[in-house]
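Source file: structure-v8.pdb (PDB, C-alpha atoms and all ligand atoms)
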ATOM      1  CA  MET A  98      -5.760 -33.598  33.033
ATOM      2  CA  GLU A  99      -8.137 -36.474  33.484
ATOM      3  CA  VAL A 100     -11.092 -36.200  35.837
ATOM      4  CA  GLY A 101     -13.506 -38.956  36.746
ATOM      5  CA  PRO A 102     -13.307 -42.712  36.849
ATOM      6  CA  VAL A 103     -12.271 -43.670  33.320
ATOM      7  CA  PRO A 104     -12.874 -47.431  33.254
ATOM      8  CA  ASN A 105      -9.901 -49.646  32.633
ATOM      9  CA  LEU A 106      -9.716 -51.224  29.224
ATOM     10  CA  ALA A 107     -10.447 -54.962  29.219
ATOM     11  CA  SER A 108      -7.305 -57.078  29.454
ATOM     12  CA  SER A 109      -8.173 -58.489  26.050
ATOM     13  CA  PHE A 110      -9.241 -55.109  24.695
ATOM     14  CA  GLN A 111      -9.949 -55.079  20.968
ATOM     15  CA  PRO A 112      -9.454 -51.602  19.455
ATOM     16  CA  ARG A 113     -12.377 -52.015  17.017
ATOM     17  CA  SER A 114     -10.778 -49.529  14.703
ATOM     18  CA  ASP A 115     -13.587 -49.667  12.130
ATOM     19  CA  LEU A 116     -16.092 -48.530  14.728
ATOM     20  CA  ARG A 117     -13.725 -45.955  16.101
ATOM     21  CA  GLY A 118     -13.138 -44.720  12.575
ATOM     22  CA  GLN A 119     -16.870 -44.237  12.122
ATOM     23  CA  VAL A 120     -16.981 -42.014  15.199
ATOM     24  CA  ASP A 121     -13.983 -40.059  13.927
ATOM     25  CA  ALA A 122     -15.700 -39.627  10.570
ATOM     26  CA  VAL A 123     -18.776 -38.168  12.256
ATOM     27  CA  ARG A 124     -16.583 -35.747  14.175
ATOM     28  CA  ALA A 125     -14.580 -34.767  11.113
ATOM     29  CA  ALA A 126     -17.672 -34.188   8.993
ATOM     30  CA  GLY A 127     -18.624 -31.125  11.052
ATOM     31  CA  GLY A 128     -22.142 -29.788  11.245
ATOM     32  CA  PRO A 129     -24.732 -30.434  13.923
ATOM     33  CA  GLY A 130     -23.983 -33.551  15.895
ATOM     34  CA  ALA A 131     -20.286 -33.624  15.063
ATOM     35  CA  LEU A 132     -19.395 -32.345  18.495
ATOM     36  CA  THR A 133     -21.455 -34.865  20.370
ATOM     37  CA  PRO A 134     -21.359 -38.313  18.798
ATOM     38  CA  VAL A 135     -23.677 -40.725  20.590
ATOM     39  CA  LEU A 136     -22.920 -44.427  20.954
ATOM     40  CA  CYS A 137     -26.100 -46.464  21.261
ATOM     41  CA  GLY A 138     -26.570 -50.171  21.638
ATOM     42  CA  GLY A 139     -27.740 -52.986  23.848
ATOM     43  CA  SER A 140     -26.237 -53.803  27.191
ATOM     44  CA  GLY A 141     -22.717 -55.138  27.047
ATOM     45  CA  VAL A 142     -22.009 -54.418  23.376
ATOM     46  CA  GLY A 143     -18.950 -52.351  24.279
ATOM     47  CA  LYS A 144     -20.069 -48.702  24.375
ATOM     48  CA  THR A 145     -18.247 -47.907  27.593
ATOM     49  CA  GLN A 146     -15.087 -49.670  26.444
ATOM     50  CA  LEU A 147     -15.027 -47.782  23.158
ATOM     51  CA  ALA A 148     -15.575 -44.483  24.973
ATOM     52  CA  ALA A 149     -12.816 -45.407  27.439
ATOM     53  CA  ALA A 150     -10.471 -45.976  24.523
ATOM     54  CA  PHE A 151     -11.197 -42.430  23.327
ATOM     55  CA  ALA A 152     -10.571 -41.126  26.829
ATOM     56  CA  VAL A 153      -7.271 -42.980  27.112
ATOM     57  CA  THR A 154      -5.849 -41.713  23.827
ATOM     58  CA  ALA A 155      -7.285 -38.178  23.937
ATOM     59  CA  PRO A 156      -4.389 -36.571  25.873
ATOM     60  CA  ALA A 157      -1.849 -37.783  23.349
ATOM     61  CA  GLU A 158      -4.079 -36.402  20.634
ATOM     62  CA  GLY A 159      -4.093 -32.943  22.122
ATOM     63  CA  ALA A 160      -6.896 -32.887  24.686
ATOM     64  CA  ASP A 161      -5.967 -30.747  27.706
ATOM     65  CA  LEU A 162      -8.947 -31.885  29.757
ATOM     66  CA  VAL A 163     -10.728 -35.236  29.713
ATOM     67  CA  VAL A 164     -13.832 -35.565  31.870
ATOM     68  CA  TRP A 165     -15.508 -38.909  32.398
ATOM     69  CA  ALA A 166     -18.962 -38.402  33.843
ATOM     70  CA  THR A 167     -21.231 -41.284  34.707
ATOM     71  CA  ALA A 168     -24.566 -39.881  33.631
ATOM     72  CA  THR A 169     -27.037 -42.484  34.837
ATOM     73  CA  ASP A 170     -28.705 -39.544  36.517
ATOM     74  CA  LEU A 171     -28.276 -35.816  36.247
ATOM     75  CA  GLN A 172     -27.089 -35.333  39.806
ATOM     76  CA  ARG A 173     -24.202 -37.697  39.257
ATOM     77  CA  ALA A 174     -23.150 -35.902  36.099
ATOM     78  CA  ILE A 175     -23.356 -32.539  37.864
ATOM     79  CA  THR A 176     -21.189 -33.831  40.696
ATOM     80  CA  GLN A 177     -18.548 -34.956  38.257
ATOM     81  CA  TYR A 178     -18.655 -31.719  36.262
ATOM     82  CA  ALA A 179     -18.215 -29.855  39.542
ATOM     83  CA  GLN A 180     -15.197 -31.984  40.439
ATOM     84  CA  ALA A 181     -13.705 -31.232  37.049
ATOM     85  CA  ALA A 182     -14.216 -27.493  37.585
ATOM     86  CA  VAL A 183     -12.541 -27.578  40.987
ATOM     87  CA  ARG A 184      -9.659 -29.819  39.962
ATOM     88  CA  SER A 185      -9.037 -27.659  36.896
ATOM     89  CA  ARG A 186      -9.007 -24.615  39.200
ATOM     90  CA  LEU A 187     -11.480 -22.762  37.028
ATOM     91  CA  PRO A 188     -12.056 -19.222  38.281
ATOM     92  CA  GLY A 189     -15.020 -19.101  40.643
ATOM     93  CA  ALA A 190     -15.233 -22.855  41.238
ATOM     94  CA  SER A 191     -15.480 -23.073  45.015
ATOM     95  CA  GLY A 192     -16.173 -26.722  45.763
ATOM     96  CA  ASP A 193     -19.143 -25.631  47.876
ATOM     97  CA  ASP A 194     -21.946 -25.699  45.324
ATOM     98  CA  ASP A 195     -21.978 -28.496  42.762
ATOM     99  CA  GLU A 196     -24.514 -26.902  40.446
ATOM    100  CA  ALA A 197     -22.693 -23.593  40.372
ATOM    101  CA  ASP A 198     -19.344 -25.288  39.806
ATOM    102  CA  ALA A 199     -20.832 -27.494  37.077
ATOM    103  CA  ARG A 200     -22.129 -24.377  35.300
ATOM    104  CA  ILE A 201     -18.651 -22.876  35.527
ATOM    105  CA  LEU A 202     -17.255 -25.951  33.804
ATOM    106  CA  LEU A 203     -19.877 -25.788  31.039
ATOM    107  CA  ASP A 204     -19.199 -22.099  30.474
ATOM    108  CA  TRP A 205     -15.482 -22.790  30.286
ATOM    109  CA  LEU A 206     -15.985 -25.671  27.852
ATOM    110  CA  ALA A 207     -18.158 -23.442  25.687
ATOM    111  CA  THR A 208     -15.647 -20.658  25.373
ATOM    112  CA  THR A 209     -12.138 -22.002  25.865
ATOM    113  CA  THR A 210      -9.613 -22.398  23.095
ATOM    114  CA  ARG A 211      -8.166 -25.394  24.975
ATOM    115  CA  ARG A 212      -9.044 -28.848  23.739
ATOM    116  CA  TRP A 213     -11.275 -31.106  25.768
ATOM    117  CA  LEU A 214     -13.206 -34.332  25.691
ATOM    118  CA  VAL A 215     -16.237 -34.939  27.898
ATOM    119  CA  ILE A 216     -17.740 -38.407  28.019
ATOM    120  CA  LEU A 217     -21.202 -38.954  29.441
ATOM    121  CA  ASP A 218     -21.390 -42.677  30.066
ATOM    122  CA  ASP A 219     -24.523 -44.651  30.758
ATOM    123  CA  VAL A 220     -27.069 -42.045  29.723
ATOM    124  CA  THR A 221     -30.438 -43.699  30.233
ATOM    125  CA  ALA A 222     -32.758 -40.706  29.871
ATOM    126  CA  PRO A 223     -31.188 -38.209  27.457
ATOM    127  CA  ALA A 224     -33.926 -35.635  28.044
ATOM    128  CA  ASP A 225     -32.904 -35.377  31.696
ATOM    129  CA  LEU A 226     -29.597 -33.896  30.590
ATOM    130  CA  ALA A 227     -31.233 -31.004  28.751
ATOM    131  CA  GLY A 228     -29.345 -27.849  29.575
ATOM    132  CA  TRP A 229     -26.429 -29.802  30.999
ATOM    133  CA  ARG A 230     -24.750 -31.041  27.858
ATOM    134  CA  PRO A 231     -21.368 -29.633  26.922
ATOM    135  CA  ALA A 232     -21.574 -27.252  23.997
ATOM    136  CA  VAL A 233     -19.285 -24.786  22.314
ATOM    137  CA  ARG A 234     -19.894 -21.207  21.364
ATOM    138  CA  ALA A 235     -16.558 -20.971  19.575
ATOM    139  CA  ARG A 236     -15.722 -24.097  17.617
ATOM    140  CA  ALA A 237     -12.013 -23.539  18.121
ATOM    141  CA  GLY A 238     -12.235 -24.995  21.608
ATOM    142  CA  SER A 239     -13.568 -28.367  20.662
ATOM    143  CA  TRP A 240     -11.363 -31.371  20.619
ATOM    144  CA  GLN A 241     -10.599 -32.710  17.179
ATOM    145  CA  ARG A 242      -8.312 -35.543  16.322
ATOM    146  CA  PRO A 243      -5.294 -34.098  14.599
ATOM    147  CA  GLY A 244      -4.728 -34.868  10.925
TER     148      GLY A 244
HETATM  149  N1  LIG A 301     -13.422 -53.601  22.586
HETATM  150  C1  LIG A 301     -13.481 -54.595  23.492
HETATM  151  N2  LIG A 301     -12.467 -55.468  23.616
HETATM  152  C2  LIG A 301     -12.533 -56.472  24.518
HETATM  153  N3  LIG A 301     -13.545 -56.664  25.371
HETATM  154  C3  LIG A 301     -14.599 -55.820  25.291
HETATM  155  C4  LIG A 301     -14.621 -54.742  24.346
HETATM  156  N4  LIG A 301     -15.785 -54.075  24.478
HETATM  157  C5  LIG A 301     -16.444 -54.699  25.468
HETATM  158  N5  LIG A 301     -15.740 -55.748  25.960
HETATM  159  C6  LIG A 301     -16.150 -56.640  27.061
HETATM  160  O1  LIG A 301     -17.538 -56.533  27.246
HETATM  161  C7  LIG A 301     -17.817 -56.004  28.539
HETATM  162  C8  LIG A 301     -18.954 -55.027  28.427
HETATM  163  O2  LIG A 301     -18.531 -53.907  27.657
HETATM  164  P1  LIG A 301     -19.024 -52.441  28.022
HETATM  165  O3  LIG A 301     -19.045 -52.221  29.469
HETATM  166  O4  LIG A 301     -18.217 -51.497  27.199
HETATM  167  O5  LIG A 301     -20.518 -52.517  27.445
HETATM  168  P2  LIG A 301     -21.636 -51.386  27.402
HETATM  169  O6  LIG A 301     -22.136 -51.345  25.982
HETATM  170  O7  LIG A 301     -21.115 -50.123  27.961
HETATM  171  O8  LIG A 301     -22.752 -52.018  28.335
HETATM  172  P3  LIG A 301     -23.875 -51.291  29.235
HETATM  173  O9  LIG A 301     -24.938 -50.844  28.288
HETATM  174  O10 LIG A 301     -24.341 -52.361  30.138
HETATM  175  O11 LIG A 301     -23.213 -50.140  29.926
HETATM  176  C9  LIG A 301     -16.505 -55.368  29.013
HETATM  177  O12 LIG A 301     -16.395 -55.371  30.412
HETATM  178  C10 LIG A 301     -15.472 -56.241  28.370
HETATM  179  O13 LIG A 301     -15.255 -57.402  29.116
HETATM  180 MG    MG A 302     -21.634 -48.981  29.581
END
Spit out the file's structure as structure tokens when you get a sec.
Amino acid sequence: MEVGPVPNLASSFQPRSDLRGQVDAVRAAGGPGALTPVLCGGSGVGKTQLAAAFAVTAPAEGADLVVWATATDLQRAITQYAQAAVRSRLPGASGDDDEADARILLDWLATTTRRWLVILDDVTAPADLAGWRPAVRARAGSWQRPG
């Protein structure tokens, strides 16, 4: 399932497979940071497009849940996490309380054996997201590219 407004790929989209390969290498290397690669760069260099390409191909690569959260501010990210919790019918997600539903999503992400990809696009103040970043308590649940 895909939740959130995954941007369309540009009509002349270039896969940039070298760059994508670098992200895959970080993920495959394991260790701290492998679960949450960060794409940094100036405005318009293609961060969102590269992330969208990951989002588009993730289901075919085994991700059961793809969440695209625009994270310009924490409230927006929380709203989108909450939507993901409700649309995924996670136990306890009511649709009445975004923060509570967002916590339910994060708990599920942390413990599930399903595969998922969460993209936080447009993070401007990373510190604001403290305590609201997806994490895993059991590595088995994280999404890894097969092979
Ligand atoms: N891989 C690509 N192939 C073709 N066009 C691209 C690619 N990446 C970026 N572009 C073009 O550049 C534009 C800006 O890219 P994108 O939105 O990904 O940048 P960004 O790094 O996320 O910028 P910002 O920091 O402003 O969010 C896209 O709308 C698209 O037209
Ligand atoms: Mg962007």
Exercise. Which protein, DNA or RNA residues have an atom at most 7 Å from (-15.7, -24.0, 34.6), counting all atoms listed in the file? List them as a ChimeraX atom specification.
Worked result: /A:182,187,190,198-206
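Atom pair CA of Ala149 in chain A / CA of Arg230 in chain A: separated by 18.7 Å.
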Listing only residues of chain A within 8 Å of ligand LIG 301 (chain A), what is the closest atom pair and its distance in Å (to one decimal) for each, using all atoms listed in the file, sorted by chain and residue number ascending, as JSON lines?
{"residue": "A:Leu106", "atom": "CA", "partner": "A:LIG301", "partner_atom": "N2", "distance": 7.6}
{"residue": "A:Ala107", "atom": "CA", "partner": "A:LIG301", "partner_atom": "N3", "distance": 5.2}
{"residue": "A:Ser108", "atom": "CA", "partner": "A:LIG301", "partner_atom": "C2", "distance": 7.2}
{"residue": "A:Ser109", "atom": "CA", "partner": "A:LIG301", "partner_atom": "C2", "distance": 5.0}
{"residue": "A:Phe110", "atom": "CA", "partner": "A:LIG301", "partner_atom": "N2", "distance": 3.4}
{"residue": "A:Gln111", "atom": "CA", "partner": "A:LIG301", "partner_atom": "N2", "distance": 3.7}
{"residue": "A:Pro112", "atom": "CA", "partner": "A:LIG301", "partner_atom": "N1", "distance": 5.4}
{"residue": "A:Arg113", "atom": "CA", "partner": "A:LIG301", "partner_atom": "N1", "distance": 5.9}
{"residue": "A:Cys137", "atom": "CA", "partner": "A:LIG301", "partner_atom": "O6", "distance": 7.9}
{"residue": "A:Gly138", "atom": "CA", "partner": "A:LIG301", "partner_atom": "O6", "distance": 6.3}
{"residue": "A:Gly139", "atom": "CA", "partner": "A:LIG301", "partner_atom": "O9", "distance": 5.7}
{"residue": "A:Ser140", "atom": "CA", "partner": "A:LIG301", "partner_atom": "O9", "distance": 3.4}
{"residue": "A:Gly141", "atom": "CA", "partner": "A:LIG301", "partner_atom": "O8", "distance": 3.4}
{"residue": "A:Val142", "atom": "CA", "partner": "A:LIG301", "partner_atom": "O6", "distance": 4.0}
{"residue": "A:Gly143", "atom": "CA", "partner": "A:LIG301", "partner_atom": "O4", "distance": 3.1}
{"residue": "A:Lys144", "atom": "CA", "partner": "A:LIG301", "partner_atom": "O6", "distance": 3.7}
{"residue": "A:Thr145", "atom": "CA", "partner": "A:LIG301", "partner_atom": "O4", "distance": 3.6}
{"residue": "A:Gln146", "atom": "CA", "partner": "A:LIG301", "partner_atom": "O4", "distance": 3.7}
{"residue": "A:Leu147", "atom": "CA", "partner": "A:LIG301", "partner_atom": "N1", "distance": 6.1}
{"residue": "A:Ala148", "atom": "CA", "partner": "A:LIG301", "partner_atom": "O4", "distance": 7.8}
{"residue": "A:Asp218", "atom": "CA", "partner": "A:LIG301", "partner_atom": "O11", "distance": 7.7}
{"residue": "A:Asp219", "atom": "CA", "partner": "A:LIG301", "partner_atom": "O11", "distance": 5.7}
Take the selection from the previous step and output its residues with C-alpha atoms, as a PDB file, in the coordinates of the input.
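The resulting file, result.pdb, is shown below:
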ATOM      1  CA  LEU A 106      -9.716 -51.224  29.224  1.00  0.00           C
ATOM      2  CA  ALA A 107     -10.447 -54.962  29.219  1.00  0.00           C
ATOM      3  CA  SER A 108      -7.305 -57.078  29.454  1.00  0.00           C
ATOM      4  CA  SER A 109      -8.173 -58.489  26.050  1.00  0.00           C
ATOM      5  CA  PHE A 110      -9.241 -55.109  24.695  1.00  0.00           C
ATOM      6  CA  GLN A 111      -9.949 -55.079  20.968  1.00  0.00           C
ATOM      7  CA  PRO A 112      -9.454 -51.602  19.455  1.00  0.00           C
ATOM      8  CA  ARG A 113     -12.377 -52.015  17.017  1.00  0.00           C
ATOM      9  CA  CYS A 137     -26.100 -46.464  21.261  1.00  0.00           C
ATOM     10  CA  GLY A 138     -26.570 -50.171  21.638  1.00  0.00           C
ATOM     11  CA  GLY A 139     -27.740 -52.986  23.848  1.00  0.00           C
ATOM     12  CA  SER A 140     -26.237 -53.803  27.191  1.00  0.00           C
ATOM     13  CA  GLY A 141     -22.717 -55.138  27.047  1.00  0.00           C
ATOM     14  CA  VAL A 142     -22.009 -54.418  23.376  1.00  0.00           C
ATOM     15  CA  GLY A 143     -18.950 -52.351  24.279  1.00  0.00           C
ATOM     16  CA  LYS A 144     -20.069 -48.702  24.375  1.00  0.00           C
ATOM     17  CA  THR A 145     -18.247 -47.907  27.593  1.00  0.00           C
ATOM     18  CA  GLN A 146     -15.087 -49.670  26.444  1.00  0.00           C
ATOM     19  CA  LEU A 147     -15.027 -47.782  23.158  1.00  0.00           C
ATOM     20  CA  ALA A 148     -15.575 -44.483  24.973  1.00  0.00           C
ATOM     21  CA  ASP A 218     -21.390 -42.677  30.066  1.00  0.00           C
ATOM     22  CA  ASP A 219     -24.523 -44.651  30.758  1.00  0.00           C
TER      23      ASP A 219
END
Exercise. Given the file above and the PyMOL selection byres (((chain A and resi 102) around 10) and not hetatm), which residues are selected, and can you give them as a PyMOL selection string?
Worked result: chain A and resi 99-101+103-105+149+164-167+177
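The gap separating CA of Leu162 in chain A from CA of Leu214 in chain A is 6.4 Å, in Å to one decimal.
Note that CA of Arg234 in chain A and CA of Ala222 in chain A are 24.9 Å apart.
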Once you add 8 Å to each side, what are the centre and edge lengths of the axis-aligned box holding all listed atoms of range 137-143 of chain A? One decimal in Å, as AutoDock Vina command-line options, if you can.
--center_x -23.3 --center_y -50.8 --center_z 24.2 --size_x 24.8 --size_y 24.7 --size_z 21.9
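Distances to ligand MG 302 (chain A) were evaluated for A:Asp225, A:Ala168, A:Ala232, A:Glu158 using only C-alpha atoms and all ligand atoms, and the minimum falls at A:Ala168.
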For the PyMOL selection byres (((chain A and resi 226) around 10) and not hetatm), applied here, can you spell out every residue it catches as a PDB file with C-alpha atoms, in the frame of the given file?
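And here's part.pdb as it stands now:
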ATOM      1  CA  ALA A 168     -24.566 -39.881  33.631  1.00  0.00           C
ATOM      2  CA  THR A 169     -27.037 -42.484  34.837  1.00  0.00           C
ATOM      3  CA  ASP A 170     -28.705 -39.544  36.517  1.00  0.00           C
ATOM      4  CA  LEU A 171     -28.276 -35.816  36.247  1.00  0.00           C
ATOM      5  CA  GLN A 172     -27.089 -35.333  39.806  1.00  0.00           C
ATOM      6  CA  ALA A 174     -23.150 -35.902  36.099  1.00  0.00           C
ATOM      7  CA  ILE A 175     -23.356 -32.539  37.864  1.00  0.00           C
ATOM      8  CA  LEU A 217     -21.202 -38.954  29.441  1.00  0.00           C
ATOM      9  CA  VAL A 220     -27.069 -42.045  29.723  1.00  0.00           C
ATOM     10  CA  THR A 221     -30.438 -43.699  30.233  1.00  0.00           C
ATOM     11  CA  ALA A 222     -32.758 -40.706  29.871  1.00  0.00           C
ATOM     12  CA  PRO A 223     -31.188 -38.209  27.457  1.00  0.00           C
ATOM     13  CA  ALA A 224     -33.926 -35.635  28.044  1.00  0.00           C
ATOM     14  CA  ASP A 225     -32.904 -35.377  31.696  1.00  0.00           C
ATOM     15  CA  ALA A 227     -31.233 -31.004  28.751  1.00  0.00           C
ATOM     16  CA  GLY A 228     -29.345 -27.849  29.575  1.00  0.00           C
ATOM     17  CA  TRP A 229     -26.429 -29.802  30.999  1.00  0.00           C
ATOM     18  CA  ARG A 230     -24.750 -31.041  27.858  1.00  0.00           C
ATOM     19  CA  PRO A 231     -21.368 -29.633  26.922  1.00  0.00           C
TER      20      PRO A 231
END
